[in-house]
>>> print(open('structure_20.pdb').read())   # PDB, C-alpha atoms
ATOM      1  CA  MET Y  27     -47.508   0.032 -20.235
ATOM      2  CA  LYS Y  28     -45.284  -2.862 -21.241
ATOM      3  CA  PRO Y  29     -42.399  -0.647 -22.469
ATOM      4  CA  LEU Y  30     -42.656   1.377 -19.248
ATOM      5  CA  ARG Y  31     -42.546  -1.765 -17.129
ATOM      6  CA  CYS Y  32     -39.500  -3.005 -19.031
ATOM      7  CA  ALA Y  33     -37.782   0.364 -18.632
ATOM      8  CA  PHE Y  34     -38.560   0.369 -14.908
ATOM      9  CA  PHE Y  35     -37.222  -3.175 -14.540
ATOM     10  CA  PHE Y  36     -33.901  -2.390 -16.220
ATOM     11  CA  LEU Y  37     -33.490   0.924 -14.339
ATOM     12  CA  ASN Y  38     -34.215  -0.851 -11.072
ATOM     13  CA  TYR Y  39     -31.798  -3.651 -11.932
ATOM     14  CA  TYR Y  40     -29.132  -1.123 -12.967
ATOM     15  CA  PHE Y  41     -29.589   0.835  -9.720
ATOM     16  CA  ILE Y  42     -29.501  -2.241  -7.478
ATOM     17  CA  TYR Y  43     -26.444  -3.667  -9.241
ATOM     18  CA  ASN Y  44     -24.415  -0.466  -9.230
ATOM     19  CA  VAL Y  45     -25.337   0.624  -5.693
ATOM     20  CA  GLY Y  46     -24.784  -2.936  -4.534
ATOM     21  CA  PHE Y  47     -21.377  -2.990  -6.182
ATOM     22  CA  LEU Y  48     -20.355   0.287  -4.523
ATOM     23  CA  LEU Y  49     -21.486  -0.971  -1.106
ATOM     24  CA  TYR Y  50     -19.784  -4.305  -1.655
ATOM     25  CA  ASP Y  51     -16.557  -2.616  -2.716
ATOM     26  CA  LYS Y  52     -16.648  -0.303   0.317
ATOM     27  CA  ILE Y  53     -17.340  -3.146   2.761
ATOM     28  CA  LYS Y  54     -14.648  -5.270   1.121
ATOM     29  CA  THR Y  55     -12.113  -2.452   1.525
ATOM     30  CA  ILE Y  56     -12.971  -2.118   5.233
ATOM     31  CA  LEU Y  57     -12.668  -5.877   5.767
ATOM     32  CA  GLU Y  58      -9.378  -5.980   3.852
ATOM     33  CA  ASP Y  59      -7.970  -3.290   6.141
ATOM     34  CA  LYS Y  60      -9.049  -5.209   9.257
ATOM     35  CA  MET Y  61      -8.051  -8.649   7.992
ATOM     36  CA  LYS Y  62      -4.562  -9.555   9.134
ATOM     37  CA  ILE Y  63      -2.919 -11.260   6.169
ATOM     38  CA  GLU Y  64       0.540 -12.695   6.749
ATOM     39  CA  ILE Y  65       2.635 -13.374   3.648
ATOM     40  CA  ARG Y  66       5.523 -15.721   4.429
ATOM     41  CA  SER Y  67       7.627 -18.612   3.165
ATOM     42  CA  GLU Y  68       6.184 -22.101   3.392
ATOM     43  CA  THR Y  69       7.606 -24.629   5.858
ATOM     44  CA  GLU Y  70       7.403 -28.416   5.752
ATOM     45  CA  LYS Y  71       4.687 -28.284   8.394
ATOM     46  CA  ASP Y  72       2.550 -26.298   5.931
ATOM     47  CA  TYR Y  73       2.842 -28.725   3.032
ATOM     48  CA  PHE Y  74      -0.276 -30.821   3.605
ATOM     49  CA  GLU Y  75      -2.521 -27.853   4.453
ATOM     50  CA  THR Y  76      -1.289 -25.988   1.379
ATOM     51  CA  GLU Y  77      -2.053 -28.935  -0.886
ATOM     52  CA  LYS Y  78      -5.446 -29.414   0.755
ATOM     53  CA  MET Y  79      -6.349 -25.756   0.169
ATOM     54  CA  VAL Y  80      -5.197 -25.907  -3.468
ATOM     55  CA  ARG Y  81      -7.253 -29.063  -4.038
ATOM     56  CA  GLU Y  82     -10.367 -27.364  -2.661
ATOM     57  CA  SER Y  83      -9.772 -24.305  -4.838
ATOM     58  CA  PHE Y  84      -9.347 -26.154  -8.137
ATOM     59  CA  TRP Y  85     -11.731 -29.079  -7.683
ATOM     60  CA  ASN Y  86     -13.756 -29.569 -10.917
ATOM     61  CA  LYS Y  87     -12.672 -26.156 -12.202
ATOM     62  CA  TYR Y  88     -10.675 -27.064 -15.298
ATOM     63  CA  GLN Y  89     -11.348 -30.812 -15.406
ATOM     64  CA  PRO Y  90     -13.186 -33.452 -13.373
ATOM     65  CA  GLY Y  91     -11.292 -33.404 -10.077
ATOM     66  CA  CYS Y  92      -7.958 -31.575 -10.310
ATOM     67  CA  ASN Y  93      -4.191 -32.124 -10.215
ATOM     68  CA  GLU Y  94      -2.863 -28.705  -9.195
ATOM     69  CA  HIS Y  95      -2.303 -29.874  -5.606
ATOM     70  CA  TYR Y  96      -0.231 -32.789  -6.916
ATOM     71  CA  MET Y  97       1.720 -30.327  -9.067
ATOM     72  CA  ILE Y  98       2.813 -28.534  -5.876
ATOM     73  CA  HIS Y  99       3.662 -31.852  -4.245
ATOM     74  CA  LEU Y 100       5.971 -32.768  -7.130
ATOM     75  CA  MET Y 101       7.357 -29.273  -7.580
ATOM     76  CA  ARG Y 102       8.952 -29.218  -4.149
ATOM     77  CA  LYS Y 103      11.082 -32.209  -5.198
ATOM     78  CA  ASN Y 104      12.104 -30.672  -8.523
ATOM     79  CA  SER Y 105      15.267 -28.629  -9.093
ATOM     80  CA  ALA Y 106      13.240 -26.037 -11.024
ATOM     81  CA  TRP Y 107      11.311 -24.978  -7.911
ATOM     82  CA  LEU Y 108      12.153 -21.534  -6.546
ATOM     83  CA  PRO Y 109      11.289 -21.746  -2.822
ATOM     84  CA  GLU Y 110      13.037 -18.452  -2.087
ATOM     85  CA  LEU Y 111      10.445 -16.695  -4.262
ATOM     86  CA  SER Y 112       7.350 -18.762  -3.391
ATOM     87  CA  ARG Y 113       5.023 -17.643  -0.611
ATOM     88  CA  ILE Y 114       1.843 -18.569   1.250
ATOM     89  CA  ALA Y 115      -0.808 -16.259   2.704
ATOM     90  CA  VAL Y 116      -2.012 -16.973   6.229
ATOM     91  CA  VAL Y 117      -5.188 -15.585   7.832
ATOM     92  CA  ASP Y 118      -6.102 -16.426  11.436
ATOM     93  CA  GLY Y 119      -3.538 -19.206  11.455
ATOM     94  CA  LYS Y 120      -4.996 -20.869   8.351
ATOM     95  CA  ILE Y 121      -3.423 -21.065   4.911
ATOM     96  CA  ALA Y 122      -5.536 -18.828   2.683
ATOM     97  CA  GLY Y 123      -3.453 -18.680  -0.495
ATOM     98  CA  VAL Y 124      -0.255 -19.717  -2.230
ATOM     99  CA  ILE Y 125       1.972 -18.713  -5.137
ATOM    100  CA  MET Y 126       4.597 -21.196  -6.330
ATOM    101  CA  TYR Y 127       7.478 -20.084  -8.571
ATOM    102  CA  PHE Y 128       9.692 -22.237 -10.757
ATOM    103  CA  LYS Y 129      12.328 -21.786 -13.474
ATOM    104  CA  ALA Y 130      11.378 -21.724 -17.148
ATOM    105  CA  LYS Y 131      12.998 -20.489 -20.328
ATOM    106  CA  ILE Y 132      12.461 -18.998 -23.767
ATOM    107  CA  ILE Y 133      14.369 -20.604 -26.629
ATOM    108  CA  GLN Y 134      15.062 -18.075 -29.385
ATOM    109  CA  PRO Y 135      15.355 -18.972 -33.094
ATOM    110  CA  ASP Y 136      19.155 -18.913 -32.900
ATOM    111  CA  GLY Y 137      19.084 -21.409 -30.025
ATOM    112  CA  LYS Y 138      19.875 -18.893 -27.289
ATOM    113  CA  GLU Y 139      18.054 -19.627 -24.035
ATOM    114  CA  ILE Y 140      16.601 -16.837 -21.882
ATOM    115  CA  GLN Y 141      16.068 -17.892 -18.280
ATOM    116  CA  ILE Y 142      12.781 -16.623 -16.874
ATOM    117  CA  ALA Y 143      10.529 -17.291 -13.888
ATOM    118  CA  SER Y 144       7.028 -18.718 -13.962
ATOM    119  CA  PHE Y 145       4.437 -19.333 -11.304
ATOM    120  CA  GLY Y 146       1.558 -21.689 -10.851
ATOM    121  CA  PRO Y 147      -0.570 -22.343  -9.213
ATOM    122  CA  LEU Y 148      -1.552 -19.040  -7.696
ATOM    123  CA  CYS Y 149      -4.723 -19.671  -5.770
ATOM    124  CA  VAL Y 150      -6.778 -18.448  -2.837
ATOM    125  CA  SER Y 151      -9.083 -20.443  -0.570
ATOM    126  CA  HIS Y 152     -12.813 -20.188  -1.307
ATOM    127  CA  LYS Y 153     -13.298 -18.687   2.164
ATOM    128  CA  TYR Y 154     -11.008 -15.748   1.425
ATOM    129  CA  ARG Y 155     -11.806 -14.896  -2.190
ATOM    130  CA  ASN Y 156     -12.273 -11.271  -3.254
ATOM    131  CA  PHE Y 157     -10.152  -9.816  -0.456
ATOM    132  CA  GLY Y 158      -7.115  -9.077  -2.606
ATOM    133  CA  ILE Y 159      -5.015 -11.955  -1.288
ATOM    134  CA  GLY Y 160      -3.922 -13.098  -4.754
ATOM    135  CA  LYS Y 161      -2.885  -9.558  -5.571
ATOM    136  CA  LYS Y 162      -0.977  -9.281  -2.279
ATOM    137  CA  LEU Y 163       0.902 -12.496  -3.056
ATOM    138  CA  MET Y 164       2.017 -11.055  -6.388
ATOM    139  CA  GLU Y 165       2.893  -7.660  -4.924
ATOM    140  CA  GLU Y 166       5.057  -9.369  -2.324
ATOM    141  CA  THR Y 167       6.845 -11.747  -4.691
ATOM    142  CA  LEU Y 168       7.294  -9.933  -8.014
ATOM    143  CA  PRO Y 169       9.975  -7.616  -6.536
ATOM    144  CA  LEU Y 170      11.768 -10.735  -5.255
ATOM    145  CA  VAL Y 171      11.739 -12.175  -8.783
ATOM    146  CA  LYS Y 172      13.153  -8.931 -10.176
ATOM    147  CA  ASN Y 173      15.888  -8.819  -7.528
ATOM    148  CA  ALA Y 174      16.780 -12.425  -8.374
ATOM    149  CA  GLY Y 175      17.765 -11.231 -11.854
ATOM    150  CA  PHE Y 176      14.905 -12.539 -13.977
ATOM    151  CA  PRO Y 177      13.739 -10.225 -16.801
ATOM    152  CA  GLY Y 178      10.110 -11.119 -16.175
ATOM    153  CA  VAL Y 179       7.515 -13.789 -15.458
ATOM    154  CA  LEU Y 180       5.702 -15.990 -17.976
ATOM    155  CA  ILE Y 181       2.524 -17.813 -16.947
ATOM    156  CA  VAL Y 182      -0.412 -19.776 -18.288
ATOM    157  CA  GLY Y 183      -3.391 -18.314 -16.469
ATOM    158  CA  GLU Y 184      -6.825 -16.704 -16.495
ATOM    159  CA  PRO Y 185      -6.848 -14.178 -19.391
ATOM    160  CA  ASP Y 186      -9.610 -12.124 -17.751
ATOM    161  CA  TYR Y 187      -7.714 -11.680 -14.463
ATOM    162  CA  TYR Y 188      -3.995 -11.234 -14.992
ATOM    163  CA  PRO Y 189      -4.087  -8.286 -17.437
ATOM    164  CA  LYS Y 190      -5.667  -6.312 -14.560
ATOM    165  CA  GLN Y 191      -2.457  -7.022 -12.624
ATOM    166  CA  GLY Y 192      -0.167  -5.691 -15.350
ATOM    167  CA  PHE Y 193       0.352  -8.820 -17.475
ATOM    168  CA  ILE Y 194       0.310  -8.684 -21.291
ATOM    169  CA  ARG Y 195      -0.257 -11.388 -23.894
ATOM    170  CA  CYS Y 196       2.792 -13.385 -25.018
ATOM    171  CA  LYS Y 197       1.825 -12.796 -28.623
ATOM    172  CA  GLU Y 198       2.735  -9.117 -28.171
ATOM    173  CA  ARG Y 199       6.365 -10.246 -27.812
ATOM    174  CA  GLY Y 200       6.287 -13.087 -30.327
ATOM    175  CA  ILE Y 201       6.470 -15.808 -27.668
ATOM    176  CA  THR Y 202       4.721 -19.102 -28.484
ATOM    177  CA  ASP Y 203       4.552 -22.717 -27.411
ATOM    178  CA  ALA Y 204       6.411 -25.462 -29.286
ATOM    179  CA  GLU Y 205       3.583 -25.696 -31.832
ATOM    180  CA  GLY Y 206       3.596 -21.985 -32.612
ATOM    181  CA  ASN Y 207       0.462 -21.191 -30.591
ATOM    182  CA  SER Y 208       0.152 -18.048 -28.509
ATOM    183  CA  TRP Y 209      -3.227 -18.469 -26.836
ATOM    184  CA  ASP Y 210      -4.696 -15.751 -24.621
ATOM    185  CA  PRO Y 211      -3.820 -17.605 -21.360
ATOM    186  CA  TYR Y 212      -0.103 -17.284 -22.277
ATOM    187  CA  MET Y 213       0.942 -14.044 -20.570
ATOM    188  CA  ILE Y 214       4.055 -12.230 -19.356
ATOM    189  CA  TYR Y 215       4.913  -9.646 -16.734
ATOM    190  CA  GLU Y 216       7.785  -7.310 -17.612
ATOM    191  CA  PHE Y 217       9.870  -5.481 -15.029
ATOM    192  CA  GLU Y 218      10.864  -2.956 -17.668
ATOM    193  CA  LYS Y 219       9.097  -1.945 -20.876
ATOM    194  CA  ASN Y 220       9.971  -4.460 -23.603
ATOM    195  CA  GLY Y 221      11.968  -6.324 -20.963
ATOM    196  CA  MET Y 222      10.595  -9.626 -22.268
ATOM    197  CA  ASN Y 223      11.024  -8.849 -25.949
ATOM    198  CA  TYR Y 224      12.503 -12.265 -26.679
ATOM    199  CA  PRO Y 225      10.594 -13.845 -29.580
ATOM    200  CA  GLY Y 226      10.818 -17.595 -29.347
ATOM    201  CA  ILE Y 227       9.395 -20.756 -27.793
ATOM    202  CA  PHE Y 228       8.712 -20.904 -24.081
ATOM    203  CA  GLU Y 229       9.530 -24.126 -22.311
ATOM    204  CA  GLU Y 230       8.458 -25.219 -18.825
ATOM    205  CA  PRO Y 231       9.801 -28.187 -16.832
ATOM    206  CA  TYR Y 232       7.789 -31.094 -18.202
ATOM    207  CA  GLU Y 233       7.814 -33.079 -14.944
ATOM    208  CA  ILE Y 234       5.864 -30.404 -13.045
ATOM    209  CA  THR Y 235       3.620 -29.067 -15.823
ATOM    210  CA  ASP Y 236       2.406 -31.111 -18.801
ATOM    211  CA  GLY Y 237       3.963 -34.276 -17.400
ATOM    212  CA  ILE Y 238       1.728 -34.349 -14.331
ATOM    213  CA  PRO Y 239      -0.933 -37.085 -14.585
ATOM    214  CA  GLN Y 240      -4.468 -35.798 -14.974
ATOM    215  CA  ASN Y 241      -5.490 -38.027 -12.072
ATOM    216  CA  PRO Y 242      -3.016 -38.098  -9.151
ATOM    217  CA  PRO Y 243      -2.033 -41.547  -7.828
ATOM    218  CA  GLU Y 244      -4.635 -43.210  -5.611
ATOM    219  CA  GLU Y 245      -2.217 -43.605  -2.704
ATOM    220  CA  TYR Y 246      -1.641 -39.850  -2.753
ATOM    221  CA  GLU Y 247      -5.332 -38.954  -3.056
ATOM    222  CA  ASN Y 248      -6.333 -41.246  -0.204
ATOM    223  CA  GLN Y 249      -4.986 -38.765   2.346
ATOM    224  CA  PHE Y 250      -7.691 -36.267   1.344
ATOM    225  CA  GLU Y 251     -11.449 -36.332   1.755
ATOM    226  CA  ALA Y 252     -13.171 -38.224  -1.079
ATOM    227  CA  TRP Y 253     -15.074 -35.869  -3.384
ATOM    228  CA  THR Y 254     -17.116 -36.424  -6.535
ATOM    229  CA  LYS Y 255     -15.451 -35.685  -9.856
ATOM    230  CA  ALA Y 256     -17.700 -34.062 -12.425
ATOM    231  CA  TRP Y 257     -17.756 -32.596 -15.879
ATOM    232  CA  VAL Y 258     -18.982 -28.995 -15.748
ATOM    233  CA  PRO Y 259     -20.103 -27.092 -18.878
ATOM    234  CA  CYS Y 260     -17.712 -24.192 -18.180
ATOM    235  CA  GLN Y 261     -14.702 -26.524 -18.458
ATOM    236  CA  PHE Y 262     -15.077 -26.310 -22.220
ATOM    237  CA  MET Y 263     -14.234 -22.601 -21.989
ATOM    238  CA  TYR Y 264     -10.734 -23.522 -20.889
ATOM    239  CA  SER Y 265     -10.342 -26.112 -23.630
ATOM    240  CA  ASN Y 266     -11.532 -23.695 -26.292
ATOM    241  CA  PRO Y 267     -11.821 -20.058 -25.150
ATOM    242  CA  ASP Y 268     -13.650 -19.074 -28.344
ATOM    243  CA  GLU Y 269     -16.463 -21.576 -27.840
ATOM    244  CA  LYS Y 270     -19.737 -19.726 -27.225
ATOM    245  CA  ASN Y 271     -21.855 -22.808 -26.505
ATOM    246  CA  ASN Y 272     -24.838 -21.884 -28.697
ATOM    247  CA  GLY Y 273     -24.849 -18.218 -27.743
ATOM    248  CA  TYR Y 274     -23.919 -18.460 -24.075
ATOM    249  CA  HIS Y 275     -20.977 -19.318 -21.880
ATOM    250  CA  LEU Y 276     -20.305 -19.633 -18.163
ATOM    251  CA  ILE Y 277     -17.850 -17.781 -15.973
ATOM    252  CA  ARG Y 278     -16.982 -18.407 -12.336
ATOM    253  CA  ALA Y 279     -19.182 -16.279 -10.058
ATOM    254  CA  GLU Y 280     -16.129 -15.254  -8.025
ATOM    255  CA  GLU Y 281     -15.360 -12.854 -10.883
ATOM    256  CA  LYS Y 282     -18.762 -11.142 -10.476
ATOM    257  CA  PRO Y 283     -19.929 -11.807  -6.898
ATOM    258  CA  VAL Y 284     -22.291  -8.829  -6.632
ATOM    259  CA  LEU Y 285     -23.978  -9.644  -9.925
ATOM    260  CA  PHE Y 286     -24.317 -13.305  -8.920
ATOM    261  CA  ASP Y 287     -25.928 -12.341  -5.597
ATOM    262  CA  THR Y 288     -28.326  -9.936  -7.325
ATOM    263  CA  ILE Y 289     -29.553 -12.565  -9.767
ATOM    264  CA  LEU Y 290     -29.686 -15.169  -6.978
ATOM    265  CA  LYS Y 291     -32.172 -13.003  -5.065
ATOM    266  CA  ASN Y 292     -34.406 -12.864  -8.132
ATOM    267  CA  ALA Y 293     -34.275 -16.659  -8.266
ATOM    268  CA  ASP Y 294     -35.818 -16.966  -4.762
ATOM    269  CA  SER Y 295     -33.053 -19.332  -3.703
ATOM    270  CA  SER Y 296     -33.064 -20.835  -0.204
ATOM    271  CA  LEU Y 297     -29.290 -20.266  -0.094
ATOM    272  CA  SER Y 298     -27.408 -17.002   0.029
ATOM    273  CA  GLY Y 299     -24.400 -16.239  -2.128
ATOM    274  CA  GLU Y 300     -22.189 -16.302   0.955
ATOM    275  CA  GLN Y 301     -23.421 -19.782   1.951
ATOM    276  CA  ILE Y 302     -22.650 -21.085  -1.518
ATOM    277  CA  ARG Y 303     -19.188 -19.500  -1.637
ATOM    278  CA  GLN Y 304     -18.266 -20.951   1.759
ATOM    279  CA  ASN Y 305     -19.007 -24.504   0.590
ATOM    280  CA  PRO Y 306     -16.041 -25.999  -1.336
ATOM    281  CA  LEU Y 307     -18.364 -28.697  -2.711
ATOM    282  CA  MET Y 308     -20.525 -26.146  -4.510
ATOM    283  CA  ALA Y 309     -19.593 -24.301  -7.677
ATOM    284  CA  GLU Y 310     -21.390 -21.174  -8.819
ATOM    285  CA  PHE Y 311     -21.430 -19.577 -12.249
ATOM    286  CA  VAL Y 312     -22.840 -16.553 -14.053
ATOM    287  CA  ILE Y 313     -24.377 -17.384 -17.430
ATOM    288  CA  GLN Y 314     -23.362 -14.854 -20.074
ATOM    289  CA  ASN Y 315     -24.210 -14.215 -23.671
ATOM    290  CA  GLU Y 316     -22.075 -11.908 -25.778
ATOM    291  CA  GLN Y 317     -23.487  -8.748 -24.174
ATOM    292  CA  ASN Y 318     -25.329  -9.556 -20.952
ATOM    293  CA  SER Y 319     -25.314 -11.590 -17.775
ATOM    294  CA  ILE Y 320     -28.464 -13.626 -18.284
ATOM    295  CA  GLY Y 321     -28.615 -16.084 -15.378
ATOM    296  CA  ILE Y 322     -26.846 -18.251 -12.814
ATOM    297  CA  LEU Y 323     -25.947 -21.900 -12.320
ATOM    298  CA  VAL Y 324     -25.054 -23.644  -9.044
ATOM    299  CA  ILE Y 325     -23.694 -27.206  -8.966
ATOM    300  CA  ASN Y 326     -23.455 -29.413  -5.877
ATOM    301  CA  TYR Y 327     -20.764 -32.130  -5.607
ATOM    302  CA  GLU Y 328     -21.711 -33.366  -2.132
ATOM    303  CA  HIS Y 329     -23.365 -36.545  -3.409
ATOM    304  CA  GLN Y 330     -22.047 -39.445  -5.450
ATOM    305  CA  LYS Y 331     -23.633 -37.963  -8.550
ATOM    306  CA  PRO Y 332     -23.266 -34.192  -9.097
ATOM    307  CA  GLU Y 333     -26.502 -32.219  -9.048
ATOM    308  CA  ILE Y 334     -27.637 -28.854 -10.366
ATOM    309  CA  THR Y 335     -28.907 -27.010  -7.298
ATOM    310  CA  GLN Y 336     -29.921 -23.802  -9.041
ATOM    311  CA  LEU Y 337     -30.477 -22.912 -12.680
ATOM    312  CA  TYR Y 338     -32.097 -19.564 -13.284
ATOM    313  CA  LEU Y 339     -32.363 -17.345 -16.350
ATOM    314  CA  ASN Y 340     -33.694 -13.809 -16.542
ATOM    315  CA  GLN Y 341     -37.238 -13.824 -17.868
ATOM    316  CA  SER Y 342     -36.348 -12.379 -21.256
ATOM    317  CA  PHE Y 343     -33.940 -15.294 -21.913
ATOM    318  CA  SER Y 344     -36.022 -18.108 -20.445
ATOM    319  CA  GLY Y 345     -37.602 -20.593 -22.815
ATOM    320  CA  LYS Y 346     -34.988 -20.148 -25.560
ATOM    321  CA  GLY Y 347     -33.429 -23.572 -25.141
ATOM    322  CA  ILE Y 348     -30.531 -22.519 -22.931
ATOM    323  CA  GLU Y 349     -31.858 -24.298 -19.815
ATOM    324  CA  LYS Y 350     -32.410 -27.488 -21.802
ATOM    325  CA  ASP Y 351     -28.964 -27.303 -23.366
ATOM    326  CA  ILE Y 352     -27.271 -26.881 -19.980
ATOM    327  CA  LEU Y 353     -29.297 -29.691 -18.385
ATOM    328  CA  ASP Y 354     -28.768 -32.063 -21.319
ATOM    329  CA  THR Y 355     -25.030 -31.349 -21.455
ATOM    330  CA  PHE Y 356     -24.632 -31.774 -17.710
ATOM    331  CA  GLU Y 357     -26.575 -35.049 -17.671
ATOM    332  CA  LYS Y 358     -24.706 -36.427 -20.679
ATOM    333  CA  LEU Y 359     -21.300 -35.689 -19.195
ATOM    334  CA  ASN Y 360     -22.137 -36.988 -15.715
ATOM    335  CA  HIS Y 361     -24.309 -40.015 -16.466
TER     336      HIS Y 361
END
>>> encode(input="structure_20.pdb", output="structure tokens")
Amino acid sequence: MKPLRCAFFFLNYYFIYNVGFLLYDKIKTILEDKMKIEIRSETEKDYFETEKMVRESFWNKYQPGCNEHYMIHLMRKNSAWLPELSRIAVVDGKIAGVIMYFKAKIIQPDGKEIQIASFGPLCVSHKYRNFGIGKKLMEETLPLVKNAGFPGVLIVGEPDYYPKQGFIRCKERGITDAEGNSWDPYMIYEFEKNGMNYPGIFEEPYEITDGIPQNPPEEYENQFEAWTKAWVPCQFMYSNPDEKNNGYHLIRAEEKPVLFDTILKNADSSLSGEQIRQNPLMAEFVIQNEQNSIGILVINYEHQKPEITQLYLNQSFSGKGIEKDILDTFEKLNH
């Protein structure tokens, strides 16, 4: 009977996941059609709310705390900023997303400089994720970039997201950083095929990229609500994308919301996926091995010391040391 029970479990899981995904996708499409999303230029009155939204979106994502909101703050004062191309998304009078463009360049081996556009950050508020707002921001602005005369856009971004929007890896065009690296997050968008075929070194304005302090000045941060900074195991993925963390890695649940919710129900959690997603002081992850989604992790930053609210692994992966590794790593980094 055991093989039959296992087969039934996986068929049931497959059915629930796929039917759930279809229902989710249908409901999301209906909500997208009804949601009134305004894409417009930012005004000075929007500055603080934009920075606040960006801070909420990036908090503890790539590092303890974040500095992307301070990047925007500095960018507006920098000559490389392209305000005529940058846009915000507004839903019900609230800023729901932003895309900020700035000038960059590719320096070819003969010293010739190719002027290009770049953007960052592109982000969407936790409350409005998975409604296509990020895509709408790109659809609205990429034609503006083309009309401005740029051959394309070069970014450093999520390698699992941007290729779905038409971006390709920089290494396909021989574009690297100053040290000759062409990591997967280095991507380009071409307005014409081979339109960014300029092998060379890409260079961004130092003052608004690598030159930004990891921790924004205290006098700047004091205008925002005080939140706990924390090391999160998934941050290592961004430092070293090839790191498999002893056979598993973590991805943000926003990339697989239906799957996260399905596993969460199996975990008998007192919270729903929607409640977790609506809380900017909670971070949710899907635990993956090389082939499967094997569990979930939820971290709470509401207290002085970060806490793991939910750690659940599918039965077939429980007891293999993964829970202990996650708990030990989390405690070590946040002691």
>>> residues_around(input="structure_20.pdb", residues="range 68-85 of chain Y", least_positions_apart="4", cutoff="9 Å", atoms="all atoms listed in the file", output="MDAnalysis selection string")
chainID Y and resid 89:96 98:99 109 112:114 120:124 147:152 250 253 255 306:307
>>> closest_residue(input="structure_20.pdb", among="Y:Lys190, Y:Arg66, Y:Lys172, Y:Arg278", to="Glu218 in chain Y", atoms="all atoms listed in the file")
Y:Lys172
>>> atom_distance(input="structure_20.pdb", atom1="CA of Phe343 in chain Y", atom2="CA of Gly321 in chain Y")
8.5 Å
>>> closest_residue(input="structure_20.pdb", among="Y:Gln304, Y:Ile289, Y:Thr355, Y:Ile63", to="Gly160 in chain Y", atoms="all atoms listed in the file")
Y:Ile63
>>> closest_residue(input="structure_20.pdb", among="Y:Glu281, Y:Val258, Y:His275, Y:Asp236", to="Glu333 in chain Y", atoms="only C-alpha atoms")
Y:Val258
>>> axis_aligned_box(input="structure_20.pdb", around="range 255-259 of chain Y", padding_each_side="6 Å", output="lines of an AutoDock Vina configuration file")
center_x = -17.8
center_y = -31.4
center_z = -14.4
size_x = 16.7
size_y = 20.6
size_z = 21.0
>>> closest_residue(input="structure_20.pdb", among="Y:Glu310, Y:Glu251, Y:Asp186, Y:Glu357", to="Leu337 in chain Y", atoms="all atoms listed in the file")
Y:Glu310
>>> atom_distance(input="structure_20.pdb", atom1="CA of Ile214 in chain Y", atom2="CA of Lys161 in chain Y")
15.7 Å
>>> closest_residue(input="structure_20.pdb", among="Y:Ile322, Y:Leu111, Y:Met308, Y:Ile302", to="Phe286 in chain Y", atoms="all atoms listed in the file")
Y:Ile322
>>> atom_distance(input="structure_20.pdb", atom1="CA of Gly299 in chain Y", atom2="CA of Gln314 in chain Y")
18.0 Å
>>> closest_residue(input="structure_20.pdb", among="Y:Met61, Y:Ile277, Y:Ile133, Y:Ala293", to="Asp118 in chain Y", atoms="only C-alpha atoms")
Y:Met61
>>> resolve_selection(input="structure_20.pdb", expression="the PyMOL selection byres ((chain Y and resi 352) around 10)", output="list in words")
Val258, Pro259, Asn271, Tyr274, Leu323, Ile334, Leu337, Gly347, Ile348, Glu349, Lys350, Asp351, Leu353, Asp354, Thr355, Phe356, Glu357 and Lys358 of chain Y
>>> write_last_selection(input="structure_20.pdb", atoms="C-alpha atoms", output="PDB file, in the coordinates of the input")
ATOM      1  CA  VAL Y 258     -18.982 -28.995 -15.748  1.00  0.00           C
ATOM      2  CA  PRO Y 259     -20.103 -27.092 -18.878  1.00  0.00           C
ATOM      3  CA  ASN Y 271     -21.855 -22.808 -26.505  1.00  0.00           C
ATOM      4  CA  TYR Y 274     -23.919 -18.460 -24.075  1.00  0.00           C
ATOM      5  CA  LEU Y 323     -25.947 -21.900 -12.320  1.00  0.00           C
ATOM      6  CA  ILE Y 334     -27.637 -28.854 -10.366  1.00  0.00           C
ATOM      7  CA  LEU Y 337     -30.477 -22.912 -12.680  1.00  0.00           C
ATOM      8  CA  GLY Y 347     -33.429 -23.572 -25.141  1.00  0.00           C
ATOM      9  CA  ILE Y 348     -30.531 -22.519 -22.931  1.00  0.00           C
ATOM     10  CA  GLU Y 349     -31.858 -24.298 -19.815  1.00  0.00           C
ATOM     11  CA  LYS Y 350     -32.410 -27.488 -21.802  1.00  0.00           C
ATOM     12  CA  ASP Y 351     -28.964 -27.303 -23.366  1.00  0.00           C
ATOM     13  CA  LEU Y 353     -29.297 -29.691 -18.385  1.00  0.00           C
ATOM     14  CA  ASP Y 354     -28.768 -32.063 -21.319  1.00  0.00           C
ATOM     15  CA  THR Y 355     -25.030 -31.349 -21.455  1.00  0.00           C
ATOM     16  CA  PHE Y 356     -24.632 -31.774 -17.710  1.00  0.00           C
ATOM     17  CA  GLU Y 357     -26.575 -35.049 -17.671  1.00  0.00           C
ATOM     18  CA  LYS Y 358     -24.706 -36.427 -20.679  1.00  0.00           C
TER      19      LYS Y 358
END
